[in-house]
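Asks: Pasting target.txt below, which is compact mmCIF, C-alpha atoms.
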```txt
# COMPACT_ATOMS: atom_id res chain seq x y z
CA MET S 1 66.50 82.94 118.84
CA ARG S 2 69.62 82.05 120.80
CA ASP S 3 70.31 79.22 118.36
CA LEU S 4 70.16 81.60 115.40
CA VAL S 5 72.71 84.12 116.63
CA PRO S 6 75.79 81.86 116.60
CA ARG S 7 74.81 80.62 113.20
CA LEU S 8 74.69 84.04 111.56
CA PRO S 9 78.47 84.33 110.94
CA ALA S 10 78.48 80.84 109.50
CA ARG S 11 75.60 81.71 107.22
CA VAL S 12 77.27 84.89 106.07
CA TRP S 13 80.50 83.00 105.38
CA ALA S 14 78.62 80.28 103.50
CA ALA S 15 76.95 82.89 101.29
CA ALA S 16 80.18 84.82 100.69
CA SER S 17 82.20 81.70 99.87
CA GLY S 18 79.54 79.98 97.79
CA ASP S 19 79.62 79.14 94.11
CA SER S 20 77.53 82.12 93.01
CA SER S 21 79.74 84.51 94.98
CA ARG S 22 82.82 83.02 93.33
CA GLN S 23 81.34 83.49 89.89
CA VAL S 24 80.40 87.11 90.57
CA LEU S 25 83.75 87.92 92.18
CA THR S 26 85.65 86.37 89.28
CA CYS S 27 83.76 88.49 86.74
CA ALA S 28 84.24 91.65 88.80
CA ALA S 29 87.93 90.95 89.36
CA ALA S 30 88.53 90.17 85.68
CA ALA S 31 86.91 93.49 84.74
CA ALA S 32 88.98 95.35 87.35
CA GLN S 33 92.11 93.66 86.05
CA VAL S 34 91.51 95.29 82.68
CA LEU S 35 90.00 98.64 83.69
CA LEU S 36 92.22 99.74 86.59
CA PRO S 37 95.62 99.33 84.83
CA THR S 38 94.14 100.87 81.67
CA PHE S 39 92.67 103.99 83.25
CA TYR S 40 94.61 104.28 86.50
CA GLY S 41 97.91 102.62 85.72
CA PRO S 42 101.35 103.93 86.65
CA ARG S 43 102.69 106.95 84.77
CA PHE S 44 106.46 107.38 85.06
CA ARG S 45 108.33 110.40 83.77
CA GLY S 46 112.08 110.82 83.61
CA GLU S 47 113.65 110.39 87.03
CA ASP S 48 110.45 108.90 88.44
CA ALA S 49 110.96 105.73 86.40
CA PRO S 50 112.16 102.72 88.41
CA PRO S 51 115.77 101.56 87.95
CA ASN S 52 116.24 99.39 84.91
CA VAL S 53 117.96 96.30 86.29
CA ILE S 54 116.48 93.42 84.31
CA GLN S 55 113.65 95.23 82.53
CA PRO S 56 112.55 93.45 79.33
CA ALA S 57 112.11 95.25 76.03
CA SER S 58 108.98 97.39 75.83
CA TYR S 59 107.32 95.23 73.18
CA THR S 60 107.22 92.34 75.66
CA PHE S 61 104.46 94.05 77.63
CA ALA S 62 102.06 93.46 74.75
CA VAL S 63 101.48 90.12 76.48
CA TRP S 64 98.92 91.93 78.62
CA PHE S 65 96.50 92.00 75.68
CA PRO S 66 96.12 88.20 75.44
CA ILE S 67 96.16 87.97 79.25
CA PHE S 68 93.25 90.40 79.51
CA ALA S 69 91.33 88.75 76.66
CA SER S 70 91.78 85.21 78.00
CA SER S 71 90.90 86.29 81.54
CA ILE S 72 87.62 87.79 80.36
CA ALA S 73 86.92 84.64 78.33
CA TYR S 74 87.53 82.47 81.40
CA ALA S 75 85.35 84.72 83.59
CA VAL S 76 82.47 84.46 81.13
CA HIS S 77 82.88 80.68 80.83
CA GLN S 78 82.91 80.02 84.58
CA ALA S 79 79.88 82.30 85.08
CA ARG S 80 77.62 79.91 83.16
CA GLY S 81 75.08 77.95 85.14
CA PRO S 82 76.51 74.47 84.37
CA ALA S 83 79.94 75.55 85.65
CA ARG S 84 78.67 76.77 89.00
CA SER S 85 79.05 73.55 90.97
CA GLN S 86 81.98 71.92 89.16
CA GLU S 87 84.76 70.97 91.57
CA ILE S 88 87.52 72.16 89.27
CA TRP S 89 86.20 75.73 89.30
CA ARG S 90 85.77 75.57 93.05
CA ALA S 91 89.43 74.59 93.34
CA ALA S 92 90.93 76.84 90.67
CA GLY S 93 88.33 79.61 90.64
CA TRP S 94 89.14 81.29 93.94
CA PRO S 95 92.92 81.55 93.33
CA LEU S 96 92.35 82.91 89.82
CA ALA S 97 89.79 85.43 91.09
CA GLY S 98 92.35 86.54 93.68
CA ALA S 99 95.05 86.85 90.99
CA PHE S 100 92.74 88.98 88.82
CA ALA S 101 91.94 91.21 91.81
CA ALA S 102 95.61 91.57 92.74
CA THR S 103 96.41 92.62 89.17
CA GLY S 104 93.76 95.32 89.35
CA ILE S 105 94.93 96.52 92.77
CA TRP S 106 98.57 96.70 91.65
CA ALA S 107 98.01 99.63 89.28
CA PRO S 108 96.59 102.18 91.77
CA LEU S 109 99.13 101.09 94.38
CA VAL S 110 101.99 102.00 92.04
CA ARG S 111 100.36 105.23 90.97
CA SER S 112 99.86 106.29 94.58
CA GLY S 113 103.50 105.55 95.46
CA ARG S 114 102.88 102.48 97.62
CA PHE S 115 105.66 100.54 95.95
CA TRP S 116 106.23 97.82 98.54
CA SER S 117 102.49 97.17 98.68
CA ALA S 118 102.55 96.95 94.89
CA GLN S 119 105.37 94.41 95.16
CA GLY S 120 103.16 92.43 97.51
CA ALA S 121 100.37 92.54 94.92
CA LEU S 122 102.74 91.17 92.28
CA ALA S 123 103.76 88.37 94.65
CA ALA S 124 100.08 87.60 95.20
CA ILE S 125 99.51 87.42 91.44
CA ALA S 126 102.44 85.03 91.04
CA VAL S 127 101.33 82.72 93.86
CA LEU S 128 97.58 82.75 93.26
CA ALA S 129 97.74 82.40 89.48
CA GLU S 130 100.22 79.54 89.80
CA SER S 131 97.91 77.82 92.28
CA GLY S 132 95.03 78.09 89.84
CA ARG S 133 97.23 76.94 86.97
CA ARG S 134 98.30 73.82 88.84
CA HIS S 135 94.72 72.87 89.61
CA ILE S 136 93.83 73.25 85.94
CA ALA S 137 96.92 71.34 84.79
CA ARG S 138 96.07 68.42 87.07
CA ALA S 139 92.50 68.42 85.84
CA GLU S 140 93.76 68.38 82.25
CA ARG S 141 96.03 65.44 83.02
CA SER S 142 93.22 63.47 84.65
CA GLY S 143 90.83 64.15 81.77
CA VAL S 144 88.33 66.07 83.88
CA LEU S 145 88.15 69.04 81.52
CA SER S 146 86.58 69.07 78.08
CA PRO S 147 88.47 70.70 75.18
CA ALA S 148 86.21 73.76 75.47
CA GLU S 149 86.95 74.08 79.19
CA VAL S 150 90.68 73.76 78.58
CA ALA S 151 90.49 76.47 75.91
CA ALA S 152 88.58 78.73 78.28
CA ALA S 153 90.78 78.35 81.36
CA ALA S 154 94.30 77.20 80.45
CA PRO S 155 95.49 80.30 78.53
CA ALA S 156 94.49 82.75 81.26
CA ALA S 157 95.98 80.66 84.07
CA GLY S 158 99.19 79.84 82.22
CA MET S 159 99.94 83.33 80.95
CA LEU S 160 99.07 85.14 84.17
CA ALA S 161 101.08 82.72 86.32
CA ALA S 162 104.21 83.05 84.17
CA TRP S 163 103.96 86.78 83.61
CA GLY S 164 103.10 87.38 87.26
CA GLN S 165 106.26 85.58 88.33
CA ALA S 166 108.37 87.42 85.76
CA ALA S 167 106.90 90.80 86.76
CA CYS S 168 107.48 90.01 90.41
CA GLY S 169 111.16 89.30 89.76
CA VAL S 170 111.71 92.31 87.48
CA ASN S 171 109.98 94.69 89.88
CA LEU S 172 111.79 93.28 92.92
CA ALA S 173 115.15 93.87 91.24
CA ALA S 174 114.18 97.49 90.57
CA MET S 175 112.86 97.96 94.11
CA LEU S 176 116.02 96.65 95.74
CA VAL S 177 118.07 99.25 93.87
CA ALA S 178 115.55 102.08 94.22
CA LYS S 179 115.35 101.62 97.99
CA ASP S 180 119.15 101.27 98.33
CA VAL S 181 118.88 97.71 99.60
CA VAL S 182 121.30 96.73 96.84
CA PRO S 183 123.63 99.37 95.38
CA ALA S 184 123.51 100.04 91.67
CA GLY S 185 126.29 98.51 89.64
CA PRO S 186 127.81 95.02 89.83
CA LYS S 187 125.85 94.02 92.93
CA ALA S 188 122.57 95.01 91.30
CA ALA S 189 123.55 93.03 88.20
CA THR S 190 124.29 90.00 90.36
CA ALA S 191 120.96 90.30 92.16
CA GLY S 192 119.14 90.62 88.84
CA ALA S 193 120.93 87.59 87.42
CA ALA S 194 120.01 85.59 90.53
CA LEU S 195 116.34 86.49 90.13
CA LEU S 196 116.43 85.52 86.45
CA ALA S 197 118.07 82.21 87.33
CA GLY S 198 115.33 81.60 89.89
CA LEU S 199 112.68 82.23 87.25
CA GLY S 200 114.48 79.81 84.96
CA ALA S 201 114.42 77.16 87.68
CA LEU S 202 110.66 77.62 88.07
CA GLY S 203 110.20 77.30 84.32
CA SER S 204 112.36 74.18 84.10
CA ARG S 205 110.39 72.63 86.94
CA VAL S 206 107.15 73.10 85.02
CA ALA S 207 108.77 71.88 81.78
CA SER S 208 109.80 68.63 83.49
CA GLY S 209 106.83 68.16 85.81
CA PRO S 210 104.10 65.52 85.55
CA GLU S 211 101.66 68.03 83.99
CA ARG S 212 104.19 69.31 81.44
CA ALA S 213 102.04 68.19 78.49
CA SER S 214 99.00 70.15 79.66
CA VAL S 215 97.95 73.24 77.74
CA SER S 216 98.22 75.42 80.82
CA SER S 217 101.82 74.28 81.42
CA ARG S 218 102.78 74.84 77.80
CA VAL S 219 101.22 78.30 77.80
CA TYR S 220 103.08 79.03 81.03
CA ALA S 221 106.40 77.93 79.51
CA GLY S 222 105.80 79.89 76.32
CA THR S 223 104.99 83.05 78.25
CA LEU S 224 108.09 82.73 80.42
CA LEU S 225 110.23 82.21 77.31
CA TRP S 226 108.66 85.37 75.88
CA ALA S 227 109.73 87.25 79.03
CA PHE S 228 113.28 85.88 78.79
CA ALA S 229 113.48 86.90 75.13
CA GLY S 230 112.38 90.39 76.13
CA VAL S 231 115.12 90.60 78.77
CA VAL S 232 117.75 89.42 76.28
CA ILE S 233 116.75 92.12 73.79
CA GLY S 234 116.19 94.81 76.39
CA GLN S 235 119.44 94.21 78.29
CA ARG S 236 121.84 93.03 75.56
CA ARG S 237 123.70 96.36 75.58
CA ARG S 238 122.91 97.71 79.01
CA SER S 239 123.56 94.58 81.08
CA PRO S 240 125.23 91.68 79.24
CA SER S 241 125.12 89.55 82.41
CA ALA S 242 121.33 89.87 82.62
CA ALA S 243 120.97 89.11 78.90
CA ALA S 244 123.26 86.09 79.18
CA THR S 245 121.45 84.76 82.25
CA ALA S 246 118.04 85.18 80.61
CA ALA S 247 119.29 83.43 77.47
CA GLY S 248 120.76 80.61 79.52
CA ALA S 249 117.52 80.19 81.47
CA ALA S 250 115.53 80.05 78.24
CA VAL S 251 117.86 77.50 76.65
CA THR S 252 117.77 75.38 79.79
CA MET S 253 113.98 75.38 79.75
CA VAL S 254 113.93 74.29 76.11
CA VAL S 255 116.48 71.52 76.69
CA VAL S 256 114.64 70.25 79.77
CA ALA S 257 111.33 70.26 77.89
CA ALA S 258 112.90 68.37 74.96
CA ARG S 259 114.37 65.73 77.26
CA HIS S 260 111.00 65.12 78.93
CA ARG S 261 108.88 64.89 75.81
```
Could the structure of this file be written out as structure tokens, please?
Replies:
Amino acid sequence: MRDLVPRLPARVWAAASGDSSRQVLTCAAAAAQVLLPTFYGPRFRGEDAPPNVIQPASYTFAVWFPIFASSIAYAVHQARGPARSQEIWRAAGWPLAGAFAATGIWAPLVRSGRFWSAQGALAAIAVLAESGRRHIARAERSGVLSPAEVAAAAPAAGMLAAWGQAACGVNLAAMLVAKDVVPAGPKAATAGAALLAGLGALGSRVASGPERASVSSRVYAGTLLWAFAGVVIGQRRRSPSAAATAAGAAVTMVVVAARHR
């Protein structure tokens, strides 16, 4: 009996971190990612809306539809029996499950006014989704994944990683102004331009990296370019510096990608 007691925490951890638990958690998190923002997402009215520092055009947010659809497709694919013990899903599955969960948690955090916690959720999405994307990109490069597996996993990982990073930057710019960390006006415009330039650097790094030809990397780059296009259109009259920086970041990404073809 004494030998069993110390082993109980290890057994609980083994069960919670096992393949079946990962599959169930991924499905639950993917569902929460869709349902919570849809039914309990933020509702801003008038003065309650966050400051528009580098906000993209409203049409840009339609990207959530393919993100939700591809995430559900990936969750269903990884839940199959043959995928349970594959090393790639063990490596990429947990970060992606965490990114799905963070996306779901973000919505009620914003609605309840916990804005810094919501910013933390966006940062978690950006980091976790990018971790999963890199695992998938490396597996693509090494030929571990079949075409069906690439089609199931790469779109979700690539889109969520890029959009999570873009959302993190856009929301951070608004938070800095809303909380008077950075005053509105020229300083806010400078901070927003710096965040956009940082996003451009991340995109150029992926466009020139060793996994640049992978589907997940190309989806990532395409989604980030979509975000930059949205900023250019959304800020072309309100903040020319933000529009110019976003356009420059997009052009740099395209040039870098062309040079490393």
Asks: Taking all atoms listed in the file into account, which of S:Asp19, S:Glu87, S:Glu140, S:Glu130 comes nearest Gly203 of chain S?
Replies: S:Glu130
Asks: Would you pick out the contacts of Ala151 of chain S at 12 Å or less, using only C-alpha atoms, so that residues sharing its chain but fewer than 2 positions from it are not included, and give the list as number ranges by chain?
Replies: S: 70-71, 73-74, 77, 136, 140, 145-149, 153-158, 214-216, 219
Asks: Which is closest to Ala184 of chain S among S:Ala152, S:Ala207, S:Ala162, S:Val53, if we use only C-alpha atoms?
Replies: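 The answer is S:Val53, which sits nearest to Ala184 of chain S.
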Asks: How far is it from atom CA of Pro42 of chain S to atom CA of Val110 of chain S, in Å with one decimal?
Replies: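 Between atom CA of Pro42 of chain S and atom CA of Val110 of chain S the gap works out to 5.8 Å.
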Asks: Point out the residue among S:Ala258, S:Leu224, S:Ile125, S:Ala194 with the least atom-to-atom distance to Ala242 of chain S, counting only C-alpha atoms.
Replies: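 For Ala242 of chain S, the nearest of the given residues is S:Ala194.
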Asks: May I ask which of the residues S:Ser117, S:Arg22, S:Ala69, S:Ala79 is the closest one to Leu96 of chain S, counting only C-alpha atoms?
Replies: S:Arg22
Asks: To one decimal place in Å, what is the distance between atom CA of Phe39 of chain S and atom CA of Ile67 of chain S?
Replies: 16.9 Å
Asks: Which polymer residues have any atom within 12 Å of an atom of Gly209 of chain S, counting only C-alpha atoms, with same-chain residues fewer than 3 positions away left out, as a ChimeraX atom specification?
Replies: /S:134,137-138,141,201-206,212-214,217-218,221,253,256-257,259-261
Asks: Include C-alpha atoms and write out the residues we just selected as a JSON list (two decimals), keeping the file's coordinate frame.
Replies:
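So again15.json came out as:
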```
[["chain", "number", "residue", "atom", "x", "y", "z"],
["S", 134, "ARG", "CA", 98.30, 73.82, 88.84],
["S", 137, "ALA", "CA", 96.92, 71.34, 84.79],
["S", 138, "ARG", "CA", 96.07, 68.42, 87.07],
["S", 141, "ARG", "CA", 96.03, 65.44, 83.02],
["S", 201, "ALA", "CA", 114.42, 77.16, 87.68],
["S", 202, "LEU", "CA", 110.66, 77.62, 88.07],
["S", 203, "GLY", "CA", 110.20, 77.30, 84.32],
["S", 204, "SER", "CA", 112.36, 74.18, 84.10],
["S", 205, "ARG", "CA", 110.39, 72.63, 86.94],
["S", 206, "VAL", "CA", 107.15, 73.10, 85.02],
["S", 212, "ARG", "CA", 104.19, 69.31, 81.44],
["S", 213, "ALA", "CA", 102.04, 68.19, 78.49],
["S", 214, "SER", "CA", 99.00, 70.15, 79.66],
["S", 217, "SER", "CA", 101.82, 74.28, 81.42],
["S", 218, "ARG", "CA", 102.78, 74.84, 77.80],
["S", 221, "ALA", "CA", 106.40, 77.93, 79.51],
["S", 253, "MET", "CA", 113.98, 75.38, 79.75],
["S", 256, "VAL", "CA", 114.64, 70.25, 79.77],
["S", 257, "ALA", "CA", 111.33, 70.26, 77.89],
["S", 259, "ARG", "CA", 114.37, 65.73, 77.26],
["S", 260, "HIS", "CA", 111.00, 65.12, 78.93],
["S", 261, "ARG", "CA", 108.88, 64.89, 75.81]]
```
Asks: What is the atom CA of Gly113 of chain S-atom CA of Val34 of chain S distance in Å, reported with one decimal?
Replies: 20.3 Å
Asks: Nearest to Ala244 of chain S among S:Pro108, S:Gly18, S:Gly222, S:Gly192, with distances taken over only C-alpha atoms: which residue is it?
Replies: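 With only C-alpha atoms as the atom set, the closest residue is S:Gly192.
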Asks: Go through S:Val24, S:Ala178, S:Ala193, S:Ala167 and flag the residue nearest Gly93 of chain S, using all atoms listed in the file for the distances.
Replies: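 For Gly93 of chain S, the nearest of the given residues is S:Val24.
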Asks: Taking 5 positions as the minimum chain separation for residues in the same chain, which residues sit within 12 Å of Phe68 of chain S when counting all atoms listed in the file? Answer as a PyMOL selection string.
Replies: chain S and resi 29-38+61-63+73-75+100+103-104+155-157+159-160
Asks: Can you find the residues with an atom no farther than 7 Å from (78.2, 80.9, 87.8), counting all atoms listed in the file, and report them as a PDB file with C-alpha atoms, in the frame of the given file?
Replies:
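Dumped everything to part_13.pdb:
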```pdb
ATOM      1  CA  ASP S  19      79.620  79.140  94.110  1.00  0.00           C
ATOM      2  CA  SER S  20      77.530  82.120  93.010  1.00  0.00           C
ATOM      3  CA  GLN S  23      81.340  83.490  89.890  1.00  0.00           C
ATOM      4  CA  GLN S  78      82.910  80.020  84.580  1.00  0.00           C
ATOM      5  CA  ALA S  79      79.880  82.300  85.080  1.00  0.00           C
ATOM      6  CA  ARG S  80      77.620  79.910  83.160  1.00  0.00           C
ATOM      7  CA  GLY S  81      75.080  77.950  85.140  1.00  0.00           C
ATOM      8  CA  ALA S  83      79.940  75.550  85.650  1.00  0.00           C
ATOM      9  CA  ARG S  84      78.670  76.770  89.000  1.00  0.00           C
TER      10      ARG S  84
END
```
Asks: Write out as a list in words which residues come within 9 Å of Leu128 of chain S when counting only C-alpha atoms, dropping same-chain ones fewer than 6 positions away.
Replies: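 Final neighbour list, sorted by chain and number: Trp94, Pro95, Leu96, Ala97, Gly98, Ala99 and Ala161 of chain S.
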